[in-house]
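Participant: Here it is, the structure, as structure tokens.
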Amino acid sequence: MAEKNEPIWIARDLSKCSGCRKCEIACSLHHENRIWPEASRIRVFMLVPGADFPHLCTQCENYPCVKACPFEALSVSKKTSAVLVNNEKCTACGKCIEACPGRIPHVHPANKKIIICDLCNGDPQCTKVCQEGGWGVLKTVERGEHPYKLYARTPEETTRNLATKLYGEKAEEFL
Amino acid sequence: MLGYAGKFLEVDLSQANFRDVVLDNELLKDYVGGRGLAAKILCDRLIHKWEEVDPLGPDNILLFLPGPLTGFFPGGRVCVSGKSPQSNGVVGSTVGGEFGVELRCAGYDGVIVTGQAEKPVYLFIKDFDVEIRDASNIWGKDAKETNTLLNKECRRLLSERYSRYGEWKEPAKLYIGPAGENKVRTAVVAAKWTHAAGYGGYGAVMGSKKLKAIAVKGTGPLPEVADLEKIKQMIKAVNRNAYDNVLWRRWGTGGGGYTFAAKTSSEPVRNWQEEWHNKKSYGVDQFENRVWVKQSWSDFGCPTNCLKISLVKSGKFKGAITDNPDYELQAYLGPNLGLFTPEENVFMSSLIDDLGLCGIQTGNLLGFAAELFQRGVLSKDDLDGIELKWGDAEAFANLAKKIALREGIGDLLAEGTYRAAVKIGKMKGKEVLQYAVQSKGIGIGAHGIRSGRDFSTDIGYACSVQCGDHTSTTDLPIDGYGSEVWKVFDDSAVCCMFNTFGLGENFTFRFYNAVTGLGLTRKNWARGGGLKTLQMQRALLLLGGPDLKWNPKVDDDNPSRFYEPLPSGPCKGKAADKASVRESVQKYYQQAGWDESGIPKSETLEKLKLEYVDKALMKLRN
């Protein structure tokens, strides 16, 4: 576990995901005080059964979403390295979604502002429930020098990868 | 009311329209949701003409009902119900997955489907935007293809309509395969390739309504609750309980294919001619080491992940994909057909998934047909050239396809074990019902009673209002630990029974109270909503019709096979005892408030304020 005030990262091992969505439940309880899967900053996709995986911000080294925002609504937390959304400035124009190589940000279904993983201000809740359950998909680690951007992939790309790992060439039938 | 979204969606497929329905809070308090509410809705709307309602006709009502615990209690499920084309009564048939959660997040407590569409359709629900869409491009497709096509179409529609939302997660879906489309009575309502509401045969009801699927995407939160902090604590308690149960998490029910035979002698082997085997080729280690490619697969919020993904990687069944299979399908699509390897079992299970058939009911049916072949009642010619020998997976696969498509002999067998037995008996001029291991139209789950080592007692199936359903067996006393009344609660609340094990008998009631703010106790349930649900299900089961009617004197019994002594294994010689079963059945009638003929008494129903049910039963009383 990272020390306070140190940038962190959520390391991820997607093929271990059981699709239990406890991460979505923990995230939405933390941010919304409700169980609210679509308002969760981490969302589990299951485009192909078995190839379930969490889709969440990876904090790219060059933060293309932050640069793309025409309203300067996005900034990078010095404390955690997370992308922070300023709701007063955000117009949900969608430029950040287009700039993100993984199309990860999405619009909060009620307040209509962009939501992005904020790393729970240094104490991610999703990794706790995932570790407690022993799935080991998500783990909070120190943010070192890693190619984070590799993990910004669209749901389709990740689905293709995981389905192929799981089902081999048979996966093509389901994509 | 706390814990509820506030309204139900009612869709009339004949008129191609829909409307919101608000149910009275008192009714929700009494019947909770899922199975209880299904029994109530069906009684209210149909009991006056129940005997005339064809389960596969436009008058049947098909229900998709989550409950107040759905989404909160770990492990999401939803209850499917209606008039059953198997028992002609009502079965609360639950299936795991995200459907119930998405539906509640969309703002609905359930979907009520009436009528019959002219052409194949599917229902697409995005919050309160509801659409009846053309399904001609997915009609005829198997389960996996249906899932893929629906994901693509629904995600495309969502992206077009809400272009700035970001990526849309797949909607949750319930759908039928070819078997449901062809109104096969052993067809399921399926989800996630391998999940199924099997008991009851509601896939055939969906097919009769030409409803291929329901897809739902809800973007709201789960409903407001009374005590969120308490719910969080209780979720943690469910988690801890599951995490401590290491092998249950690792194997799920997949250890059963070996142990329910070798240890408890209660597994169907060759159509229940035996209930014991000691085939080490069928051990859980074989499944784990040969075919399980993913050891943890869960439904919404589930800490247990009893599901595993299986893939056959080599040999003639290469490419077959399913889940574990779980114990029921390991048994029914394994030893029950004389198959004793994981590869054959995964192959059969995968095919059954794809066709949209129920592995339990169809496994029961295939075993029945194979015994008739073994005994020379059905010839190779009768079976359209199939030599239905025990252990021949491909022969069973060919017959399963014929059943799903109602081709040749498959058309007769598609009526399910009981109805097929009656027809074959007439056709051959020979009684064959003694080989039909079923109770009131529903094949017995893969837990036998003869050894006395498994959970069901000798009246567990005979007195259940869901008949052969192993998830709804009952026992004496009527308010005791083994009573069906608790299963009614799990199926009404709607939560996963597997995640309740070991948490104490009051746990789900306390959970329900934390969600709703009410003060329901076990005692109140056993005397109130639970008992009322049982009485209504019993009444509708006895009313039956139009194609058949049960006689409790004959039909509140075990399949005759259970009175034959077990021929092998450590429990060799054991059997159910007819006299003792008759005595227990009568005791059960008394405790349930039924008369000597098994009909709910007027006084019982009046006490429960179910006078209209009593009135409908008058014609059955002499």
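The chains in the structure tokens are called A, B, ... from first to last as shown; in each chain the residues are counted from 1, and the ligands are counted from 1 in the order shown.
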With only C-alpha atoms counted and 6 Å as the cut-off, give the residues of chain B in contact with chain A, each with its shortest interatomic distance in Å and the pair that gives it, as JSON lines.

Facilitator:
```
{"residue": "B:Thr148", "atom": "CA", "partner": "A:Phe174", "partner_atom": "CA", "distance": 5.9}
{"residue": "B:Arg164", "atom": "CA", "partner": "A:Gly94", "partner_atom": "CA", "distance": 5.5}
{"residue": "B:Tyr165", "atom": "CA", "partner": "A:Val107", "partner_atom": "CA", "distance": 5.1}
{"residue": "B:Gly166", "atom": "CA", "partner": "A:His106", "partner_atom": "CA", "distance": 4.4}
{"residue": "B:Lys169", "atom": "CA", "partner": "A:Phe45", "partner_atom": "CA", "distance": 5.7}
{"residue": "B:Lys192", "atom": "CA", "partner": "A:Pro49", "partner_atom": "CA", "distance": 5.9}
{"residue": "B:Thr219", "atom": "CA", "partner": "A:Glu38", "partner_atom": "CA", "distance": 5.3}
{"residue": "B:Pro221", "atom": "CA", "partner": "A:Trp36", "partner_atom": "CA", "distance": 4.1}
{"residue": "B:Leu222", "atom": "CA", "partner": "A:Ile35", "partner_atom": "CA", "distance": 5.8}
{"residue": "B:Ser296", "atom": "CA", "partner": "A:Ser18", "partner_atom": "CA", "distance": 5.1}
{"residue": "B:Trp297", "atom": "CA", "partner": "A:Ser18", "partner_atom": "CA", "distance": 4.3}
{"residue": "B:Ser298", "atom": "CA", "partner": "A:Cys20", "partner_atom": "CA", "distance": 4.8}
{"residue": "B:Asp299", "atom": "CA", "partner": "A:Cys20", "partner_atom": "CA", "distance": 5.5}
{"residue": "B:Phe300", "atom": "CA", "partner": "A:Cys20", "partner_atom": "CA", "distance": 5.1}
{"residue": "B:Gly301", "atom": "CA", "partner": "A:Cys20", "partner_atom": "CA", "distance": 5.0}
{"residue": "B:Cys302", "atom": "CA", "partner": "A:Cys20", "partner_atom": "CA", "distance": 5.5}
```

Participant: Output N, CA and C atoms for every residue in the selection just made, as a PDB file, in the first residue's frame.

Facilitator:
```pdb
ATOM      1  N   THR B 148     -24.728 -12.288 -28.473  1.00  0.00           N
ATOM      2  CA  THR B 148     -23.837 -11.404 -29.234  1.00  0.00           C
ATOM      3  C   THR B 148     -24.641 -10.370 -30.033  1.00  0.00           C
ATOM      4  N   ARG B 164     -23.194  11.237 -26.427  1.00  0.00           N
ATOM      5  CA  ARG B 164     -22.141  11.812 -25.593  1.00  0.00           C
ATOM      6  C   ARG B 164     -21.984  11.125 -24.236  1.00  0.00           C
ATOM      7  N   TYR B 165     -22.658  10.021 -24.075  1.00  0.00           N
ATOM      8  CA  TYR B 165     -22.640   9.363 -22.763  1.00  0.00           C
ATOM      9  C   TYR B 165     -21.288   8.742 -22.449  1.00  0.00           C
ATOM     10  N   GLY B 166     -20.585   8.330 -23.488  1.00  0.00           N
ATOM     11  CA  GLY B 166     -19.400   7.494 -23.301  1.00  0.00           C
ATOM     12  C   GLY B 166     -19.756   6.083 -23.702  1.00  0.00           C
ATOM     13  N   LYS B 169     -22.210   0.075 -21.361  1.00  0.00           N
ATOM     14  CA  LYS B 169     -22.083  -1.315 -20.951  1.00  0.00           C
ATOM     15  C   LYS B 169     -23.204  -2.108 -21.604  1.00  0.00           C
ATOM     16  N   LYS B 192     -26.781 -14.930 -20.010  1.00  0.00           N
ATOM     17  CA  LYS B 192     -25.327 -15.123 -19.953  1.00  0.00           C
ATOM     18  C   LYS B 192     -24.873 -16.494 -20.465  1.00  0.00           C
ATOM     19  N   THR B 219     -30.042   3.128 -15.674  1.00  0.00           N
ATOM     20  CA  THR B 219     -28.926   4.007 -15.290  1.00  0.00           C
ATOM     21  C   THR B 219     -29.116   4.630 -13.906  1.00  0.00           C
ATOM     22  N   PRO B 221     -29.951   4.490  -9.607  1.00  0.00           N
ATOM     23  CA  PRO B 221     -29.474   3.688  -8.473  1.00  0.00           C
ATOM     24  C   PRO B 221     -30.494   2.622  -8.103  1.00  0.00           C
ATOM     25  N   LEU B 222     -30.082   1.658  -7.298  1.00  0.00           N
ATOM     26  CA  LEU B 222     -31.054   0.757  -6.692  1.00  0.00           C
ATOM     27  C   LEU B 222     -31.952   1.594  -5.791  1.00  0.00           C
ATOM     28  N   SER B 296     -13.297 -18.558 -11.333  1.00  0.00           N
ATOM     29  CA  SER B 296     -14.190 -17.673 -10.578  1.00  0.00           C
ATOM     30  C   SER B 296     -15.083 -16.910 -11.527  1.00  0.00           C
ATOM     31  N   TRP B 297     -16.359 -17.227 -11.496  1.00  0.00           N
ATOM     32  CA  TRP B 297     -17.290 -16.471 -12.321  1.00  0.00           C
ATOM     33  C   TRP B 297     -18.515 -16.195 -11.464  1.00  0.00           C
ATOM     34  N   SER B 298     -18.912 -14.908 -11.389  1.00  0.00           N
ATOM     35  CA  SER B 298     -19.943 -14.481 -10.439  1.00  0.00           C
ATOM     36  C   SER B 298     -21.077 -13.739 -11.111  1.00  0.00           C
ATOM     37  N   ASP B 299     -22.216 -13.729 -10.436  1.00  0.00           N
ATOM     38  CA  ASP B 299     -23.276 -12.782 -10.770  1.00  0.00           C
ATOM     39  C   ASP B 299     -23.173 -11.598  -9.820  1.00  0.00           C
ATOM     40  N   PHE B 300     -23.996 -10.603 -10.047  1.00  0.00           N
ATOM     41  CA  PHE B 300     -23.867  -9.304  -9.384  1.00  0.00           C
ATOM     42  C   PHE B 300     -23.672  -9.399  -7.862  1.00  0.00           C
ATOM     43  N   GLY B 301     -22.526  -8.919  -7.413  1.00  0.00           N
ATOM     44  CA  GLY B 301     -22.258  -8.814  -5.981  1.00  0.00           C
ATOM     45  C   GLY B 301     -21.881 -10.109  -5.289  1.00  0.00           C
ATOM     46  N   CYS B 302     -21.712 -11.181  -6.043  1.00  0.00           N
ATOM     47  CA  CYS B 302     -21.544 -12.488  -5.404  1.00  0.00           C
ATOM     48  C   CYS B 302     -20.121 -12.757  -4.935  1.00  0.00           C
TER      49      CYS B 302
END
```

Participant: According to DSSP computed on the backbone, where in chain A is there helix (DSSP H, G or I)? Give the residues as a PyMOL selection string.

Facilitator: chain A and resi 14-16+22-32+37-39+64-68+95-99+119-122+125-132+148-151+155-174

Participant: Those residues you just picked out, can you put them in a file as a tab-separated table (two decimals), in the first residue's frame with C-alpha atoms?

Facilitator:
```tsv
chain	number	residue	atom	x	y	z
A	14	LEU	CA	-8.03	-8.27	-15.98
A	15	SER	CA	-8.26	-11.95	-16.85
A	16	LYS	CA	-8.82	-12.81	-13.20
A	22	LYS	CA	-18.15	-5.65	-6.00
A	23	CYS	CA	-15.85	-2.89	-7.27
A	24	GLU	CA	-18.84	-1.08	-8.79
A	25	ILE	CA	-20.79	-1.50	-5.58
A	26	ALA	CA	-17.91	-0.21	-3.43
A	27	CYS	CA	-17.23	2.71	-5.78
A	28	SER	CA	-20.82	3.88	-5.96
A	29	LEU	CA	-21.35	3.47	-2.22
A	30	HIS	CA	-18.24	5.60	-1.64
A	31	HIS	CA	-19.07	8.33	-4.14
A	32	GLU	CA	-22.86	8.30	-4.15
A	37	PRO	CA	-23.62	0.66	-11.10
A	38	GLU	CA	-23.88	3.31	-13.83
A	39	ALA	CA	-22.64	6.06	-11.51
A	64	PRO	CA	-4.77	13.34	-23.22
A	65	CYS	CA	-8.19	13.90	-21.65
A	66	VAL	CA	-6.94	16.81	-19.56
A	67	LYS	CA	-5.37	18.41	-22.61
A	68	ALA	CA	-8.49	17.88	-24.71
A	95	LYS	CA	-14.11	15.76	-25.83
A	96	CYS	CA	-12.34	13.87	-23.02
A	97	ILE	CA	-14.05	10.64	-24.01
A	98	GLU	CA	-12.90	11.09	-27.59
A	99	ALA	CA	-9.35	11.92	-26.48
A	119	LEU	CA	-8.52	7.11	-6.86
A	120	CYS	CA	-10.72	7.87	-3.84
A	121	ASN	CA	-8.26	10.59	-2.91
A	122	GLY	CA	-5.53	8.05	-2.27
A	125	GLN	CA	-12.27	1.31	-2.33
A	126	CYS	CA	-12.51	-1.00	-5.33
A	127	THR	CA	-9.10	-2.55	-4.72
A	128	LYS	CA	-10.04	-3.32	-1.12
A	129	VAL	CA	-13.08	-5.40	-1.98
A	130	CYS	CA	-11.24	-7.11	-4.81
A	131	GLN	CA	-8.33	-8.02	-2.53
A	132	GLU	CA	-10.62	-9.12	0.31
A	148	TYR	CA	0.12	3.15	-17.92
A	149	LYS	CA	-1.33	4.15	-21.23
A	150	LEU	CA	-1.29	0.53	-22.37
A	151	TYR	CA	-4.20	-0.06	-20.07
A	155	PRO	CA	-14.11	-2.25	-24.13
A	156	GLU	CA	-14.03	-3.91	-27.55
A	157	GLU	CA	-10.23	-4.21	-27.59
A	158	THR	CA	-10.05	-5.59	-24.07
A	159	THR	CA	-12.92	-7.96	-24.76
A	160	ARG	CA	-11.15	-9.30	-27.82
A	161	ASN	CA	-7.97	-9.86	-25.81
A	162	LEU	CA	-9.62	-11.57	-22.89
A	163	ALA	CA	-12.03	-13.65	-24.93
A	164	THR	CA	-9.15	-14.87	-27.09
A	165	LYS	CA	-7.06	-15.72	-24.04
A	166	LEU	CA	-9.99	-17.65	-22.61
A	167	TYR	CA	-11.57	-19.28	-25.66
A	168	GLY	CA	-8.79	-19.24	-28.28
A	169	GLU	CA	-9.88	-18.93	-31.89
A	170	LYS	CA	-13.44	-19.82	-30.84
A	171	ALA	CA	-13.66	-16.27	-29.45
A	172	GLU	CA	-14.03	-14.86	-32.98
A	173	GLU	CA	-17.56	-16.25	-33.07
A	174	PHE	CA	-18.60	-14.04	-30.18
```

Participant: As an exercise, work out the distance from CA of Arg12 in chain A to CA of Thr322 in chain B in Å and give it to one decimal place.

Facilitator: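 It comes out at 25.9 Å.
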
Participant: Using only C-alpha atoms for the distances, tell me which of B:Asp381, B:Asp59, B:Glu131, B:Asp30 is nearest to Ile47 in chain B.

Facilitator: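 Smallest separation from Ile47 in chain B among the options: B:Asp59.
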
Participant: Excluding same-chain residues fewer than 6 positions from Tyr63 in chain A, what lies within 9 Å of it counting only C-alpha atoms, as a ChimeraX atom specification?

Facilitator: /A:76,83,100,149

Participant: When DSSP works through the backbone of this structure, what residues of chain A end up as strand (DSSP E or B), shown as a list in words?

Facilitator: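 For chain A, the strand (DSSP E or B) set is Ile8, Trp9, Ile10, Ala11, Arg12, Arg43, Val44, Phe45, Phe53, Pro54, His55, Leu74, Ser75, Val76, Val83, Leu84, Val85, His106, Val107, Ile114, Ile115, Leu138, Lys139, Thr140, Val141 and Glu142 of chain A.
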
Participant: Take the residues just selected and output them with C-alpha atoms as a PDB file, in the first residue's frame.

Facilitator:
```
ATOM      1  CA  ILE A   8      -0.629   5.741  -6.578  1.00  0.00           C
ATOM      2  CA  TRP A   9      -1.907   3.485  -9.303  1.00  0.00           C
ATOM      3  CA  ILE A  10      -4.449   0.718  -9.482  1.00  0.00           C
ATOM      4  CA  ALA A  11      -2.585  -2.216 -10.941  1.00  0.00           C
ATOM      5  CA  ARG A  12      -4.895  -4.548 -12.832  1.00  0.00           C
ATOM      6  CA  ARG A  43     -17.584  -0.297 -14.629  1.00  0.00           C
ATOM      7  CA  VAL A  44     -17.412  -4.012 -15.341  1.00  0.00           C
ATOM      8  CA  PHE A  45     -18.133  -4.918 -18.952  1.00  0.00           C
ATOM      9  CA  PHE A  53     -13.357  -6.946 -16.834  1.00  0.00           C
ATOM     10  CA  PRO A  54     -13.312  -3.617 -15.023  1.00  0.00           C
ATOM     11  CA  HIS A  55     -12.960  -0.502 -17.165  1.00  0.00           C
ATOM     12  CA  LEU A  74     -10.032  18.458 -15.846  1.00  0.00           C
ATOM     13  CA  SER A  75      -6.868  18.603 -13.767  1.00  0.00           C
ATOM     14  CA  VAL A  76      -4.355  16.169 -12.324  1.00  0.00           C
ATOM     15  CA  VAL A  83      -7.774  13.092 -13.012  1.00  0.00           C
ATOM     16  CA  LEU A  84     -10.140  15.417 -11.175  1.00  0.00           C
ATOM     17  CA  VAL A  85     -13.317  16.818 -12.698  1.00  0.00           C
ATOM     18  CA  HIS A 106     -18.555   8.583 -19.082  1.00  0.00           C
ATOM     19  CA  VAL A 107     -21.383  10.851 -18.069  1.00  0.00           C
ATOM     20  CA  ILE A 114     -18.212  13.584 -16.663  1.00  0.00           C
ATOM     21  CA  ILE A 115     -17.059  11.044 -14.092  1.00  0.00           C
ATOM     22  CA  LEU A 138      -7.185  -4.717  -8.709  1.00  0.00           C
ATOM     23  CA  LYS A 139      -4.371  -3.703  -6.387  1.00  0.00           C
ATOM     24  CA  THR A 140      -3.256  -0.308  -5.144  1.00  0.00           C
ATOM     25  CA  VAL A 141       0.458   0.199  -5.820  1.00  0.00           C
ATOM     26  CA  GLU A 142       2.900   3.101  -5.874  1.00  0.00           C
TER      27      GLU A 142
END
```

Participant: May I ask for the distance between CA of Asn364 in chain B and CA of Thr417 in chain B, given in Å to one decimal place?

Facilitator: 7.1 Å

Participant: Could you please determine the separation between CA of Gly544 in chain B and CA of Gly529 in chain B in Å, to one decimal place?

Facilitator: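 Atom-to-atom, CA of Gly544 in chain B and CA of Gly529 in chain B are spaced 22.4 Å apart.
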